[in-house]
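Raw entry_33.cif, mmCIF, N, CA and C atoms:
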```
data_model
#
loop_
_atom_site.label_atom_id
_atom_site.label_comp_id
_atom_site.auth_asym_id
_atom_site.auth_seq_id
_atom_site.Cartn_x
_atom_site.Cartn_y
_atom_site.Cartn_z
N SER G 1 0.84 -1.19 0.00
CA SER G 1 0.00 0.00 0.00
C SER G 1 0.88 1.24 0.00
N THR G 2 0.52 2.21 -0.78
CA THR G 2 1.30 3.45 -0.84
C THR G 2 0.94 4.41 0.27
N LYS G 3 -0.12 4.14 0.99
CA LYS G 3 -0.54 5.05 2.05
C LYS G 3 0.52 5.17 3.14
N ILE G 4 1.14 4.07 3.49
CA ILE G 4 2.19 4.12 4.51
C ILE G 4 3.37 4.95 4.01
N VAL G 5 3.76 4.74 2.78
CA VAL G 5 4.87 5.50 2.22
C VAL G 5 4.54 6.98 2.19
N ASP G 6 3.30 7.32 1.84
CA ASP G 6 2.88 8.72 1.85
C ASP G 6 2.98 9.31 3.25
N CYS G 7 2.56 8.55 4.25
CA CYS G 7 2.65 9.01 5.64
C CYS G 7 4.10 9.19 6.05
N ILE G 8 4.94 8.26 5.68
CA ILE G 8 6.37 8.35 6.02
C ILE G 8 6.97 9.61 5.39
N GLN G 9 6.64 9.84 4.12
CA GLN G 9 7.18 11.01 3.42
C GLN G 9 6.72 12.32 4.04
N SER G 10 5.57 12.32 4.69
CA SER G 10 5.06 13.55 5.29
C SER G 10 5.88 13.96 6.51
N GLY G 11 6.60 13.01 7.09
CA GLY G 11 7.38 13.30 8.29
C GLY G 11 6.56 13.32 9.56
N SER G 12 5.32 12.96 9.44
CA SER G 12 4.42 12.97 10.60
C SER G 12 4.57 11.69 11.41
N CYS G 13 4.16 11.77 12.66
CA CYS G 13 4.09 10.59 13.49
C CYS G 13 2.95 9.72 12.98
N ILE G 14 3.18 8.42 12.93
CA ILE G 14 2.18 7.49 12.41
C ILE G 14 1.62 6.66 13.55
N MET G 15 0.29 6.52 13.53
CA MET G 15 -0.37 5.60 14.46
C MET G 15 -1.06 4.55 13.61
N GLY G 16 -0.60 3.32 13.73
CA GLY G 16 -1.20 2.21 13.00
C GLY G 16 -2.21 1.51 13.88
N VAL G 17 -3.41 1.31 13.34
CA VAL G 17 -4.47 0.65 14.08
C VAL G 17 -4.92 -0.57 13.29
N GLY G 18 -4.82 -1.73 13.91
CA GLY G 18 -5.25 -2.95 13.24
C GLY G 18 -4.68 -4.18 13.91
N PRO G 19 -5.10 -5.33 13.43
CA PRO G 19 -4.61 -6.58 14.02
C PRO G 19 -3.16 -6.86 13.63
N ASN G 20 -2.48 -7.60 14.48
CA ASN G 20 -1.08 -7.94 14.22
C ASN G 20 -0.88 -8.72 12.93
N GLU G 21 -1.92 -9.37 12.44
CA GLU G 21 -1.79 -10.20 11.24
C GLU G 21 -1.62 -9.38 9.96
N LEU G 22 -1.93 -8.10 10.00
CA LEU G 22 -1.81 -7.26 8.81
C LEU G 22 -0.34 -6.96 8.51
N ALA G 23 0.04 -7.08 7.25
CA ALA G 23 1.42 -6.80 6.84
C ALA G 23 1.79 -5.36 7.14
N SER G 24 0.85 -4.44 6.97
CA SER G 24 1.15 -3.04 7.22
C SER G 24 1.44 -2.79 8.71
N ILE G 25 0.71 -3.45 9.59
CA ILE G 25 0.96 -3.30 11.03
C ILE G 25 2.31 -3.93 11.38
N ASN G 26 2.63 -5.07 10.79
CA ASN G 26 3.93 -5.70 11.03
C ASN G 26 5.07 -4.81 10.55
N PHE G 27 4.90 -4.18 9.39
CA PHE G 27 5.91 -3.27 8.87
C PHE G 27 6.13 -2.11 9.84
N LEU G 28 5.03 -1.53 10.31
CA LEU G 28 5.14 -0.41 11.24
C LEU G 28 5.78 -0.83 12.55
N LYS G 29 5.45 -2.03 13.02
CA LYS G 29 6.08 -2.54 14.26
C LYS G 29 7.57 -2.73 14.04
N GLU G 30 7.94 -3.31 12.92
CA GLU G 30 9.35 -3.56 12.61
C GLU G 30 10.13 -2.25 12.58
N SER G 31 9.50 -1.20 12.10
CA SER G 31 10.18 0.09 11.98
C SER G 31 10.49 0.71 13.34
N LYS G 32 9.70 0.34 14.34
CA LYS G 32 9.80 0.94 15.68
C LYS G 32 9.58 2.45 15.61
N GLY G 33 8.98 2.89 14.50
CA GLY G 33 8.76 4.32 14.29
C GLY G 33 7.29 4.69 14.23
N ALA G 34 6.44 3.83 14.76
CA ALA G 34 5.01 4.12 14.72
C ALA G 34 4.36 3.67 16.02
N ILE G 35 3.35 4.39 16.39
CA ILE G 35 2.54 4.00 17.54
C ILE G 35 1.55 2.97 17.03
N ILE G 36 1.44 1.84 17.71
CA ILE G 36 0.59 0.75 17.25
C ILE G 36 -0.52 0.50 18.26
N ALA G 37 -1.72 0.30 17.73
CA ALA G 37 -2.86 -0.08 18.57
C ALA G 37 -3.58 -1.23 17.88
N ASN G 38 -3.84 -2.29 18.63
CA ASN G 38 -4.50 -3.47 18.08
C ASN G 38 -5.96 -3.59 18.48
N SER G 39 -6.40 -2.74 19.40
CA SER G 39 -7.78 -2.82 19.87
C SER G 39 -8.24 -1.43 20.32
N TYR G 40 -9.50 -1.33 20.61
CA TYR G 40 -10.05 -0.07 21.12
C TYR G 40 -9.32 0.35 22.39
N ASP G 41 -9.10 -0.60 23.29
CA ASP G 41 -8.38 -0.28 24.55
C ASP G 41 -6.97 0.21 24.27
N ASP G 42 -6.30 -0.39 23.28
CA ASP G 42 -4.96 0.07 22.90
C ASP G 42 -4.99 1.51 22.38
N ILE G 43 -6.01 1.82 21.59
CA ILE G 43 -6.14 3.19 21.05
C ILE G 43 -6.23 4.18 22.21
N ILE G 44 -7.11 3.90 23.15
CA ILE G 44 -7.29 4.78 24.31
C ILE G 44 -5.99 4.90 25.10
N SER G 45 -5.33 3.78 25.34
CA SER G 45 -4.08 3.77 26.09
C SER G 45 -3.00 4.60 25.39
N GLN G 46 -2.86 4.40 24.10
CA GLN G 46 -1.83 5.14 23.34
C GLN G 46 -2.12 6.64 23.32
N LEU G 47 -3.40 6.99 23.14
CA LEU G 47 -3.76 8.41 23.12
C LEU G 47 -3.52 9.06 24.49
N LYS G 48 -3.74 8.32 25.56
CA LYS G 48 -3.45 8.84 26.90
C LYS G 48 -1.96 9.09 27.07
N LYS G 49 -1.14 8.13 26.59
CA LYS G 49 0.32 8.30 26.68
C LYS G 49 0.76 9.56 25.93
N ILE G 50 0.22 9.74 24.72
CA ILE G 50 0.58 10.90 23.91
C ILE G 50 0.15 12.19 24.59
N SER G 51 -1.04 12.18 25.18
CA SER G 51 -1.53 13.40 25.82
C SER G 51 -0.70 13.79 27.04
N LEU G 52 -0.07 12.81 27.68
CA LEU G 52 0.76 13.08 28.84
C LEU G 52 2.19 13.47 28.47
N ASP G 53 2.63 13.07 27.28
CA ASP G 53 4.00 13.35 26.85
C ASP G 53 4.01 13.59 25.34
N HIS G 54 3.94 14.84 24.95
CA HIS G 54 3.91 15.19 23.52
C HIS G 54 5.22 14.88 22.81
N GLN G 55 6.30 14.71 23.56
CA GLN G 55 7.60 14.38 22.96
C GLN G 55 7.55 13.04 22.24
N ILE G 56 6.64 12.18 22.64
CA ILE G 56 6.48 10.87 22.00
C ILE G 56 6.30 11.03 20.50
N ILE G 57 5.55 12.03 20.10
CA ILE G 57 5.29 12.27 18.67
C ILE G 57 6.59 12.53 17.93
N ASP G 58 7.42 13.40 18.47
CA ASP G 58 8.72 13.68 17.82
C ASP G 58 9.63 12.46 17.84
N ASP G 59 9.63 11.74 18.96
CA ASP G 59 10.48 10.55 19.07
C ASP G 59 10.14 9.51 18.00
N TYR G 60 8.85 9.25 17.82
CA TYR G 60 8.45 8.28 16.81
C TYR G 60 8.72 8.79 15.40
N SER G 61 8.56 10.07 15.17
CA SER G 61 8.85 10.63 13.85
C SER G 61 10.32 10.46 13.49
N ILE G 62 11.19 10.68 14.46
CA ILE G 62 12.63 10.53 14.24
C ILE G 62 12.98 9.06 13.99
N LYS G 63 12.40 8.16 14.78
CA LYS G 63 12.66 6.72 14.58
C LYS G 63 12.23 6.28 13.19
N MET G 64 11.06 6.76 12.74
CA MET G 64 10.58 6.39 11.41
C MET G 64 11.47 6.97 10.33
N TYR G 65 11.93 8.19 10.51
CA TYR G 65 12.83 8.79 9.53
C TYR G 65 14.10 7.96 9.40
N ASP G 66 14.68 7.60 10.53
CA ASP G 66 15.91 6.80 10.51
C ASP G 66 15.66 5.44 9.85
N PHE G 67 14.56 4.79 10.20
CA PHE G 67 14.24 3.50 9.61
C PHE G 67 14.01 3.62 8.11
N SER G 68 13.25 4.61 7.70
CA SER G 68 12.92 4.74 6.28
C SER G 68 14.15 5.10 5.45
N LYS G 69 15.05 5.88 6.02
CA LYS G 69 16.28 6.20 5.30
C LYS G 69 17.08 4.93 5.06
N ASP G 70 17.13 4.08 6.07
CA ASP G 70 17.87 2.82 5.95
C ASP G 70 17.21 1.88 4.93
N VAL G 71 15.89 1.88 4.87
CA VAL G 71 15.15 0.94 4.02
C VAL G 71 14.93 1.47 2.60
N PHE G 72 14.71 2.77 2.46
CA PHE G 72 14.29 3.32 1.17
C PHE G 72 15.32 4.19 0.46
N ASP G 73 16.42 4.54 1.11
CA ASP G 73 17.41 5.42 0.50
C ASP G 73 18.08 4.70 -0.67
N LEU G 74 17.92 5.25 -1.85
CA LEU G 74 18.40 4.59 -3.08
C LEU G 74 19.91 4.40 -3.07
N ASP G 75 20.67 5.38 -2.60
CA ASP G 75 22.12 5.24 -2.57
C ASP G 75 22.56 4.11 -1.64
N LEU G 76 21.91 4.01 -0.48
CA LEU G 76 22.24 2.92 0.44
C LEU G 76 21.87 1.56 -0.14
N ILE G 77 20.75 1.50 -0.82
CA ILE G 77 20.32 0.24 -1.45
C ILE G 77 21.32 -0.17 -2.53
N ARG G 78 21.73 0.78 -3.36
CA ARG G 78 22.72 0.48 -4.41
C ARG G 78 24.02 -0.03 -3.80
N GLU G 79 24.45 0.62 -2.74
CA GLU G 79 25.69 0.22 -2.08
C GLU G 79 25.59 -1.20 -1.53
N ARG G 80 24.47 -1.53 -0.92
CA ARG G 80 24.29 -2.89 -0.38
C ARG G 80 24.27 -3.92 -1.50
N VAL G 81 23.57 -3.62 -2.58
CA VAL G 81 23.50 -4.56 -3.71
C VAL G 81 24.89 -4.75 -4.29
N TYR G 82 25.63 -3.68 -4.46
CA TYR G 82 26.98 -3.76 -4.99
C TYR G 82 27.86 -4.65 -4.11
N LYS G 83 27.78 -4.45 -2.78
CA LYS G 83 28.58 -5.25 -1.87
C LYS G 83 28.22 -6.73 -1.96
N HIS G 84 26.93 -7.01 -2.10
CA HIS G 84 26.50 -8.40 -2.23
C HIS G 84 27.02 -9.02 -3.52
N ILE G 85 26.99 -8.27 -4.59
CA ILE G 85 27.48 -8.78 -5.88
C ILE G 85 28.99 -9.03 -5.80
N VAL G 86 29.72 -8.11 -5.20
CA VAL G 86 31.17 -8.25 -5.06
C VAL G 86 31.50 -9.48 -4.21
N ASN G 87 30.70 -9.70 -3.17
CA ASN G 87 30.96 -10.84 -2.30
C ASN G 87 30.59 -12.18 -2.92
N LEU G 88 29.90 -12.19 -4.05
CA LEU G 88 29.57 -13.43 -4.72
C LEU G 88 30.79 -14.07 -5.37
N ASN G 89 31.78 -13.27 -5.68
CA ASN G 89 32.98 -13.79 -6.36
C ASN G 89 33.87 -14.53 -5.44
#
```

How does the structure come out when it is put into structure tokens?
Amino acid sequence: STKIVDCIQSGSCIMGVGPNELASINFLKESKGAIIANSYDDIISQLKKISLDHQIIDDYSIKMYDFSKDVFDLDLIRERVYKHIVNLN
């Protein structure tokens, strides 16, 4: 889905809501750069945490930026592919 990529590009904090079985929720969990809620109670709990500490929003935004740079940066991807090809010999 391109919606996640669009959210990442916006630089905003992402809150993923859904069951753990969804690939998009797993991706967001793996990134450690998104707030995740799997149920109504989780949504309430996460929103309470955010309301008590607004820094959480910036922290998650920074984590997602770092993760996305590592995963989506074309120069880094090219470098990794090149190293793998060189190591094949």

| task | Assign secondary structure with DSSP using the backbone only, and return the residues of chain G in helix (DSSP H, G or I) as number ranges by chain. | result | G: 2-10, 23-31, 40-52, 55-72, 74-87

| Proximity to G:Asn20 - best of G:Asn38, G:Glu79, G:Lys32, G:Ile4, only N, CA and C atoms | G:Asn38

| field | Selection: 9 Å around G:Ser31, only C-alpha atoms, excl. self and same-chain fewer than 6 positions, as a list in words | value |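 Everything that qualifies: Lys63, Met64, Asp66, Phe67 and Ser68 of chain G.
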
| Explicit residue set for the PyMOL selection byres ((chain G and resi 11) around 8), as a PyMOL selection string | chain G and resi 6-10+12-14+60-62+64-65

| Could you work out how far atom CA of G:Gly18 lies from atom CA of G:Ile36, giving the answer in Å with one decimal? |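 A separation of 8.0 Å between them.
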
Can you tell me, as AutoDock Vina command-line options, the centre and edge lengths (Å, one decimal) of the axis-aligned box enclosing all of stretch 46-58 of chain G's listed atoms after padding each side by 8 Å?
```
--center_x 2.9 --center_y 9.8 --center_z 23.3 --size_x 29.4 --size_y 26.8 --size_z 27.0
```
